[in-house]
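S.K.: Got a structure for you, input_26.cif, holding mmCIF, C-alpha atoms.
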```
data_protein
loop_
_atom_site.group_PDB
_atom_site.id
_atom_site.type_symbol
_atom_site.label_atom_id
_atom_site.label_comp_id
_atom_site.auth_asym_id
_atom_site.auth_seq_id
_atom_site.Cartn_x
_atom_site.Cartn_y
_atom_site.Cartn_z
ATOM 1 C CA HIS A 1 0.000 0.000 0.000
ATOM 2 C CA TYR A 2 1.237 3.525 -0.777
ATOM 3 C CA SER A 3 1.287 4.426 2.906
ATOM 4 C CA CYS A 4 3.756 1.636 3.814
ATOM 5 C CA LEU A 5 7.507 1.694 3.387
ATOM 6 C CA ASN A 6 7.569 -2.105 3.848
ATOM 7 C CA CYS A 7 4.620 -4.465 4.147
ATOM 8 C CA THR A 8 3.417 -8.051 4.327
ATOM 9 C CA ASN A 9 0.627 -7.611 1.725
ATOM 10 C CA LYS A 10 -1.088 -4.899 -0.318
ATOM 11 C CA TYR A 11 -3.400 -3.555 2.371
ATOM 12 C CA SER A 12 -2.936 -0.392 4.439
ATOM 13 C CA THR A 13 -3.107 -2.487 7.604
ATOM 14 C CA SER A 14 -0.169 -4.686 6.610
ATOM 15 C CA CYS A 15 2.692 -2.193 7.032
ATOM 16 C CA SER A 16 5.846 -3.360 8.796
ATOM 17 C CA SER A 17 7.696 -0.025 8.525
ATOM 18 C CA CYS A 18 6.990 3.589 7.516
ATOM 19 C CA ASP A 19 8.894 6.360 5.753
ATOM 20 C CA ALA A 20 9.584 9.114 8.273
ATOM 21 C CA THR A 21 10.441 11.534 5.459
ATOM 22 C CA SER A 22 6.855 11.105 4.228
ATOM 23 C CA ARG A 23 5.660 12.205 7.676
ATOM 24 C CA ARG A 24 4.373 8.764 8.607
ATOM 25 C CA THR A 25 4.916 6.758 11.809
ATOM 26 C CA LEU A 26 4.110 3.093 12.420
ATOM 27 C CA SER A 27 1.032 2.539 14.575
ATOM 28 C CA GLY A 28 0.305 -1.165 14.950
ATOM 29 C CA THR A 29 0.448 -2.328 11.320
ATOM 30 C CA SER A 30 -0.539 1.000 9.724
ATOM 31 C CA CYS A 31 1.410 4.119 8.713
ATOM 32 C CA PRO A 32 -0.882 7.038 9.503
ATOM 33 C CA CYS A 33 0.212 10.628 8.917
ATOM 34 C CA ASP A 34 1.980 12.416 11.742
ATOM 35 C CA PRO A 35 0.229 15.253 13.595
ATOM 36 C CA PHE A 36 -0.075 18.418 11.473
ATOM 37 C CA TYR A 37 -0.266 16.314 8.276
ATOM 38 C CA TYR A 38 -3.020 14.476 6.400
ATOM 39 C CA ASP A 39 -3.336 11.656 3.879
ATOM 40 C CA ALA A 40 -4.020 13.096 0.411
ATOM 41 C CA GLY A 41 -3.966 9.686 -1.281
ATOM 42 C CA SER A 42 -0.233 9.481 -1.922
ATOM 43 C CA SER A 43 2.775 8.242 0.038
ATOM 44 C CA VAL A 44 3.820 11.711 1.187
ATOM 45 C CA CYS A 45 1.509 13.302 3.771
ATOM 46 C CA GLN A 46 0.486 16.912 3.156
ATOM 47 C CA SER A 47 0.548 19.759 5.672
ATOM 48 C CA CYS A 48 -2.630 20.730 7.519
ATOM 49 C CA ASP A 49 -3.466 24.413 7.932
ATOM 50 C CA TYR A 50 -1.741 25.918 11.002
ATOM 51 C CA PRO A 51 -4.661 25.781 13.454
ATOM 52 C CA CYS A 52 -5.146 22.013 13.018
ATOM 53 C CA TYR A 53 -3.391 19.329 15.044
ATOM 54 C CA THR A 54 -4.837 16.730 12.700
ATOM 55 C CA CYS A 55 -6.961 17.181 9.577
ATOM 56 C CA SER A 56 -8.688 15.107 6.928
ATOM 57 C CA GLY A 57 -9.380 15.407 3.187
ATOM 58 C CA ILE A 58 -8.309 19.041 2.847
ATOM 59 C CA PRO A 59 -5.793 21.052 4.911
ATOM 60 C CA SER A 60 -8.435 23.282 6.504
ATOM 61 C CA ASN A 61 -10.699 20.417 7.716
ATOM 62 C CA CYS A 62 -9.441 20.060 11.293
ATOM 63 C CA THR A 63 -10.286 16.848 13.126
ATOM 64 C CA SER A 64 -8.458 17.684 16.379
ATOM 65 C CA CYS A 65 -6.606 20.553 18.047
ATOM 66 C CA SER A 66 -3.508 20.674 20.226
ATOM 67 C CA LEU A 67 -4.087 21.466 23.892
ATOM 68 C CA ALA A 68 -0.660 23.119 23.903
ATOM 69 C CA SER A 69 -1.914 25.659 21.358
ATOM 70 C CA PHE A 70 -4.840 26.645 23.629
ATOM 71 C CA ARG A 71 -7.286 25.790 20.866
ATOM 72 C CA VAL A 72 -10.551 23.834 20.833
ATOM 73 C CA ILE A 73 -12.382 22.383 17.860
ATOM 74 C CA VAL A 74 -15.559 24.111 16.675
ATOM 75 C CA GLY A 75 -17.043 22.403 13.639
ATOM 76 C CA SER A 76 -13.955 21.737 11.531
ATOM 77 C CA THR A 77 -11.849 24.648 12.817
ATOM 78 C CA CYS A 78 -9.469 25.002 15.754
ATOM 79 C CA VAL A 79 -10.357 28.270 17.463
ATOM 80 C CA CYS A 80 -8.690 29.912 20.453
ATOM 81 C CA LYS A 81 -10.320 28.928 23.722
ATOM 82 C CA GLY A 82 -11.681 31.441 26.210
ATOM 83 C CA GLY A 83 -9.024 33.731 27.646
ATOM 84 C CA TYR A 84 -6.875 33.520 24.496
ATOM 85 C CA TYR A 85 -7.030 35.332 21.169
ATOM 86 C CA GLU A 86 -6.331 34.733 17.477
ATOM 87 C CA ASN A 87 -3.104 36.289 16.196
ATOM 88 C CA ALA A 88 -2.483 34.276 12.997
ATOM 89 C CA VAL A 89 -0.018 31.986 14.784
ATOM 90 C CA TYR A 90 -0.346 28.369 15.901
ATOM 91 C CA ILE A 91 -0.249 29.028 19.659
ATOM 92 C CA CYS A 92 -2.969 31.427 20.814
ATOM 93 C CA PRO A 93 -1.618 34.321 22.942
ATOM 94 C CA ILE A 94 -3.212 34.829 26.348
ATOM 95 C CA CYS A 95 -5.549 37.746 27.111
ATOM 96 C CA MET A 96 -4.911 40.241 29.884
ATOM 97 C CA SER A 97 -5.894 38.612 33.172
ATOM 98 C CA THR A 98 -8.835 40.978 33.688
ATOM 99 C CA CYS A 99 -10.457 39.886 30.377
ATOM 100 C CA LEU A 100 -12.638 36.790 30.106
ATOM 101 C CA ASN A 101 -12.308 36.918 26.301
ATOM 102 C CA CYS A 102 -10.471 39.331 24.025
ATOM 103 C CA THR A 103 -9.512 40.134 20.438
ATOM 104 C CA ALA A 104 -6.052 41.445 21.452
ATOM 105 C CA TYR A 105 -4.119 41.317 24.724
ATOM 106 C CA SER A 106 -5.875 44.282 26.343
ATOM 107 C CA VAL A 107 -8.968 44.525 24.113
ATOM 108 C CA CYS A 108 -11.610 42.729 26.173
ATOM 109 C CA THR A 109 -14.851 41.459 24.632
ATOM 110 C CA ALA A 110 -16.268 39.777 27.754
ATOM 111 C CA CYS A 111 -15.651 39.927 31.506
ATOM 112 C CA ASP A 112 -16.114 37.585 34.474
ATOM 113 C CA SER A 113 -18.798 39.131 36.665
ATOM 114 C CA LEU A 114 -19.255 36.107 38.940
ATOM 115 C CA THR A 115 -15.713 35.520 40.214
ATOM 116 C CA ASN A 116 -13.732 38.604 39.202
ATOM 117 C CA LYS A 117 -16.604 41.085 39.747
ATOM 118 C CA ARG A 118 -15.841 42.888 36.484
ATOM 119 C CA THR A 119 -18.099 44.360 33.799
ATOM 120 C CA LEU A 120 -17.355 45.433 30.228
ATOM 121 C CA SER A 121 -16.870 49.157 29.619
ATOM 122 C CA GLY A 122 -15.742 49.866 26.067
ATOM 123 C CA SER A 123 -12.952 47.331 25.628
ATOM 124 C CA SER A 124 -11.954 47.117 29.312
ATOM 125 C CA CYS A 125 -13.174 44.982 32.194
ATOM 126 C CA ILE A 126 -13.683 47.417 35.042
ATOM 127 C CA CYS A 127 -14.748 46.606 38.580
ATOM 128 C CA MET A 128 -18.481 46.466 39.233
ATOM 129 C CA ASP A 129 -20.183 48.890 41.623
ATOM 130 C CA GLY A 130 -19.231 47.976 45.171
ATOM 131 C CA PHE A 131 -15.769 46.742 44.151
ATOM 132 C CA PHE A 132 -12.422 48.378 43.336
ATOM 133 C CA ASP A 133 -9.273 47.495 41.414
ATOM 134 C CA ALA A 134 -6.415 46.691 43.783
ATOM 135 C CA GLY A 135 -4.134 45.532 40.961
ATOM 136 C CA ALA A 136 -5.310 41.911 40.985
ATOM 137 C CA THR A 137 -7.541 39.953 38.604
ATOM 138 C CA ILE A 138 -10.342 39.733 41.180
ATOM 139 C CA CYS A 139 -11.768 43.086 42.268
ATOM 140 C CA SER A 140 -11.745 43.840 45.994
ATOM 141 C CA THR A 141 -14.864 44.747 47.931
ATOM 142 C CA CYS A 142 -15.601 48.366 48.841
ATOM 143 C CA ALA A 143 -16.661 49.269 52.353
ATOM 144 C CA TYR A 144 -20.408 48.779 52.886
ATOM 145 C CA THR A 145 -20.845 52.544 53.079
ATOM 146 C CA CYS A 146 -19.621 53.145 49.483
ATOM 147 C CA LEU A 147 -21.519 52.589 46.262
ATOM 148 C CA THR A 148 -18.201 52.858 44.379
ATOM 149 C CA CYS A 149 -14.666 53.353 45.680
ATOM 150 C CA THR A 150 -11.091 53.657 44.455
ATOM 151 C CA GLY A 151 -7.629 52.752 45.731
ATOM 152 C CA MET A 152 -8.874 51.392 49.037
ATOM 153 C CA SER A 153 -12.140 50.052 50.370
ATOM 154 C CA THR A 154 -13.013 53.113 52.447
ATOM 155 C CA ASN A 155 -12.202 55.751 49.802
ATOM 156 C CA CYS A 156 -15.714 56.285 48.430
ATOM 157 C CA LEU A 157 -16.312 57.853 45.023
ATOM 158 C CA THR A 158 -20.113 57.722 45.068
ATOM 159 C CA CYS A 159 -22.822 56.876 47.571
ATOM 160 C CA ASN A 160 -26.159 55.093 47.417
ATOM 161 C CA THR A 161 -28.612 57.965 47.864
ATOM 162 C CA SER A 162 -31.480 55.536 48.453
ATOM 163 C CA ALA A 163 -29.541 54.335 51.517
ATOM 164 C CA GLN A 164 -29.742 57.902 52.901
ATOM 165 C CA ARG A 165 -26.018 58.532 52.365
ATOM 166 C CA THR A 166 -24.181 61.578 50.998
ATOM 167 C CA ILE A 167 -20.530 61.882 49.885
ATOM 168 C CA GLY A 168 -18.190 64.001 51.958
ATOM 169 C CA ALA A 169 -14.369 63.906 51.777
ATOM 170 C CA GLY A 170 -14.333 60.363 50.393
ATOM 171 C CA THR A 171 -16.841 59.056 52.947
ATOM 172 C CA CYS A 172 -20.522 58.199 52.561
ATOM 173 C CA ASN A 173 -22.027 59.575 55.736
ATOM 174 C CA CYS A 174 -25.625 59.087 56.807
ATOM 175 C CA ASN A 175 -27.935 62.017 56.133
ATOM 176 C CA VAL A 176 -29.157 64.185 58.976
ATOM 177 C CA GLY A 177 -31.839 62.286 60.891
ATOM 178 C CA TYR A 178 -30.216 58.903 60.231
ATOM 179 C CA TYR A 179 -27.378 56.932 61.795
ATOM 180 C CA ASP A 180 -24.954 54.209 60.718
ATOM 181 C CA SER A 181 -25.841 50.855 62.263
ATOM 182 C CA GLY A 182 -23.139 48.917 60.378
ATOM 183 C CA VAL A 183 -25.194 48.060 57.290
ATOM 184 C CA VAL A 184 -25.638 49.697 53.870
ATOM 185 C CA MET A 185 -28.964 51.359 54.700
ATOM 186 C CA CYS A 186 -28.798 54.161 57.271
ATOM 187 C CA THR A 187 -31.328 53.824 60.092
ATOM 188 C CA LEU A 188 -33.795 56.524 61.063
ATOM 189 C CA CYS A 189 -33.042 58.319 64.345
ATOM 190 C CA HIS A 190 -35.524 58.408 67.197
ATOM 191 C CA TYR A 191 -38.275 60.873 66.287
ATOM 192 C CA SER A 192 -37.140 63.316 68.959
ATOM 193 C CA CYS A 193 -33.598 63.689 67.504
ATOM 194 C CA ASP A 194 -32.552 65.913 64.627
ATOM 195 C CA ALA A 195 -29.262 63.949 64.406
ATOM 196 C CA CYS A 196 -28.079 60.950 66.407
ATOM 197 C CA THR A 197 -25.517 58.211 67.002
ATOM 198 C CA GLY A 198 -28.061 55.458 67.665
ATOM 199 C CA GLY A 199 -31.754 54.644 67.664
ATOM 200 C CA LEU A 200 -32.608 55.504 71.273
ATOM 201 C CA SER A 201 -34.043 58.777 72.530
ATOM 202 C CA THR A 202 -30.831 59.156 74.564
ATOM 203 C CA ASN A 203 -28.586 58.941 71.442
ATOM 204 C CA CYS A 204 -29.312 62.444 70.125
ATOM 205 C CA ASN A 205 -26.410 64.764 69.339
ATOM 206 C CA GLN A 206 -28.415 67.520 67.668
ATOM 207 C CA CYS A 207 -31.921 68.854 68.191
ATOM 208 C CA ASN A 208 -34.332 70.825 66.007
ATOM 209 C CA ALA A 209 -34.864 74.186 67.704
ATOM 210 C CA THR A 210 -37.896 74.892 65.516
ATOM 211 C CA ALA A 211 -39.478 71.764 67.030
ATOM 212 C CA LEU A 212 -39.094 73.434 70.447
ATOM 213 C CA ARG A 213 -36.457 70.974 71.625
ATOM 214 C CA THR A 214 -33.085 71.406 73.318
ATOM 215 C CA LEU A 215 -30.218 68.976 73.852
ATOM 216 C CA SER A 216 -29.849 67.701 77.382
ATOM 217 C CA GLY A 217 -27.558 64.758 78.187
ATOM 218 C CA GLY A 218 -28.038 63.064 74.804
ATOM 219 C CA SER A 219 -31.800 63.683 74.686
ATOM 220 C CA CYS A 220 -33.819 66.312 72.847
ATOM 221 C CA THR A 221 -36.241 67.426 75.512
ATOM 222 C CA CYS A 222 -39.148 69.771 75.022
ATOM 223 C CA LEU A 223 -38.756 73.360 76.184
ATOM 224 C CA ALA A 224 -40.506 74.443 79.369
ATOM 225 C CA GLY A 225 -44.234 74.737 78.761
ATOM 226 C CA TYR A 226 -44.299 72.075 76.009
ATOM 227 C CA PHE A 227 -44.657 68.306 76.071
ATOM 228 C CA ASP A 228 -43.664 65.265 73.976
ATOM 229 C CA ASN A 229 -46.716 63.508 72.514
ATOM 230 C CA GLY A 230 -44.703 60.287 71.970
ATOM 231 C CA SER A 231 -44.653 60.289 68.183
ATOM 232 C CA SER A 232 -43.843 63.725 66.782
ATOM 233 C CA GLU A 233 -40.608 65.688 66.734
ATOM 234 C CA MET A 234 -42.620 68.861 67.287
ATOM 235 C CA CYS A 235 -43.317 69.469 70.951
ATOM 236 C CA GLN A 236 -46.950 70.322 71.778
#
```
Using structure tokens, write down the structure that the file contains.

M.R.:
Amino acid sequence: HYSCLNCTNKYSTSCSSCDATSRRTLSGTSCPCDPFYYDAGSSVCQSCDYPCYTCSGIPSNCTSCSLASFRVIVGSTCVCKGGYYENAVYICPICMSTCLNCTAYSVCTACDSLTNKRTLSGSSCICMDGFFDAGATICSTCAYTCLTCTGMSTNCLTCNTSAQRTIGAGTCNCNVGYYDSGVVMCTLCHYSCDACTGGLSTNCNQCNATALRTLSGGSCTCLAGYFDNGSSEMCQ
């Protein structure tokens, strides 16, 4: 058979040796083409196209891909797997670590939102709200007070206004009438307080003078001649 260098009969499965210069290697009693080559019906194997590890019939009809090239087979083509990109060479180059997929090293086309906490912005994978870039692939978590932050977890850029927070010198403080109880959402002060450090009537640190109240030992008490009706900031 044309594929054999030496044989015991005329069939392709009767080879006893192969011609290495024809890009064939003995496998059992056959002389198949070496990787990167295919059988074109003659003794000398022909080259596959560069993405293929093995091919059949025509050079572009890939039948398998090399794991070392970071390629996977799709239909009859060896394409770069996720995290690698096509650069017209056999081995796919790796994407920047922040990219899930890319078309060039730093040109991201998809981001990992589940593990890396990144979202696509133009051609970059930036950190999602509530996370910041600390120079690693996985974004770090901002402090609970921040909606977005930069450089460090407590350096807020923006605040969640629906959580009753306002930005001030890189910090998302609770609005007047609310206090920080250690969670995202600020908690409403006791009705008697204009500002406070906690939820009790004795945690006031500022009173509303127009409500006829004055600060006394952490409480906003009604002025002489007025009384607290138990529900309203305004003394009666």

S.K.: Using the chain letters and residue numbers of this document, give as an NGL selection string the residues selected by the PyMOL selection byres ((chain A and resi 132-148) around 8).

M.R.: :A and (97-98 or 115-118 or 126-131 or 149-160 or 165 or 171-173 or 182-184)

S.K.: Please list, as number ranges by chain, the residues that have an atom at most 8 Å away from (-38.4, 59.5, 69.3) in the coordinates of this file, counting only C-alpha atoms.

M.R.: A: 189-193, 200-201, 230-233

S.K.: When you look at Asp112 in chain A with a cut-off of 8 Å (counting all atoms listed in the file), what residues show up, excluding the ones that are within fewer than 6 positions of it in the same chain? I need them as a list in words.

M.R.: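 Final neighbour list, sorted by chain and number: Cys99, Leu100, Arg118 and Thr119 of chain A.
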
S.K.: Would you mind reading off the distance between CA of Gly57 in chain A and CA of Leu5 in chain A, one decimal, in Å?

M.R.: 21.8 Å

S.K.: Quick one: apply the PyMOL selection byres ((chain A and resi 41-53) around 12) to the file and drop the selected residues here as a ChimeraX atom specification.

M.R.: /A:1-5,12,18-25,31-40,54-80,86-92

S.K.: Give me the residues near Ser123 in chain A as number ranges by chain, where near means some atom within 9 Å (using all atoms listed in the file) and where sequence neighbours in that chain fewer than 3 positions away do not count.

M.R.: A: 102, 106-110, 120

S.K.: To one decimal place, how far is CA of Ile167 in chain A from CA of Cys186 in chain A in Å?

M.R.: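 Between CA of Ile167 in chain A and CA of Cys186 in chain A the gap works out to 13.5 Å.
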
S.K.: Of the candidates A:Gly82, A:Gly177, A:Gly217, A:Gly168, which shows the shortest atom-to-atom distance to Gly199 in chain A, using only C-alpha atoms?

M.R.: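 Ranking A:Gly82, A:Gly177, A:Gly217, A:Gly168 by distance to Gly199 in chain A, first place goes to A:Gly177.
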
S.K.: May I have the centre and edge lengths, in Å to one decimal, of an axis-aligned box around the listed atoms of range 137-155 of chain A with 4 Å added to every side, as lines of an AutoDock Vina configuration file?

M.R.:
```
center_x = -14.5
center_y = 47.7
center_z = 45.8
size_x = 22.0
size_y = 24.0
size_z = 22.5
```

S.K.: Which distance in Å separates CA of Asn175 in chain A and CA of Thr197 in chain A, to one decimal?

M.R.: 11.8 Å

S.K.: For this file, the PyMOL selection byres ((chain A and resi 13) around 8) selects which residues, as a VMD selection string?

M.R.: chain A and resid 11 to 12 14 to 15 29 to 30

S.K.: Show me the residues around (-35.9, 72.0, 64.8) - criterion: an atom at most 12 Å away, all atoms listed in the file counted - as a list in words.

M.R.: Val176, Gly177, Tyr191, Ser192, Cys193, Asp194, Ala195, Gln206, Cys207, Asn208, Ala209, Thr210, Ala211, Leu212, Arg213, Thr214, Leu215, Cys220, Thr221, Cys222, Leu223, Ser232, Glu233, Met234 and Cys235 of chain A
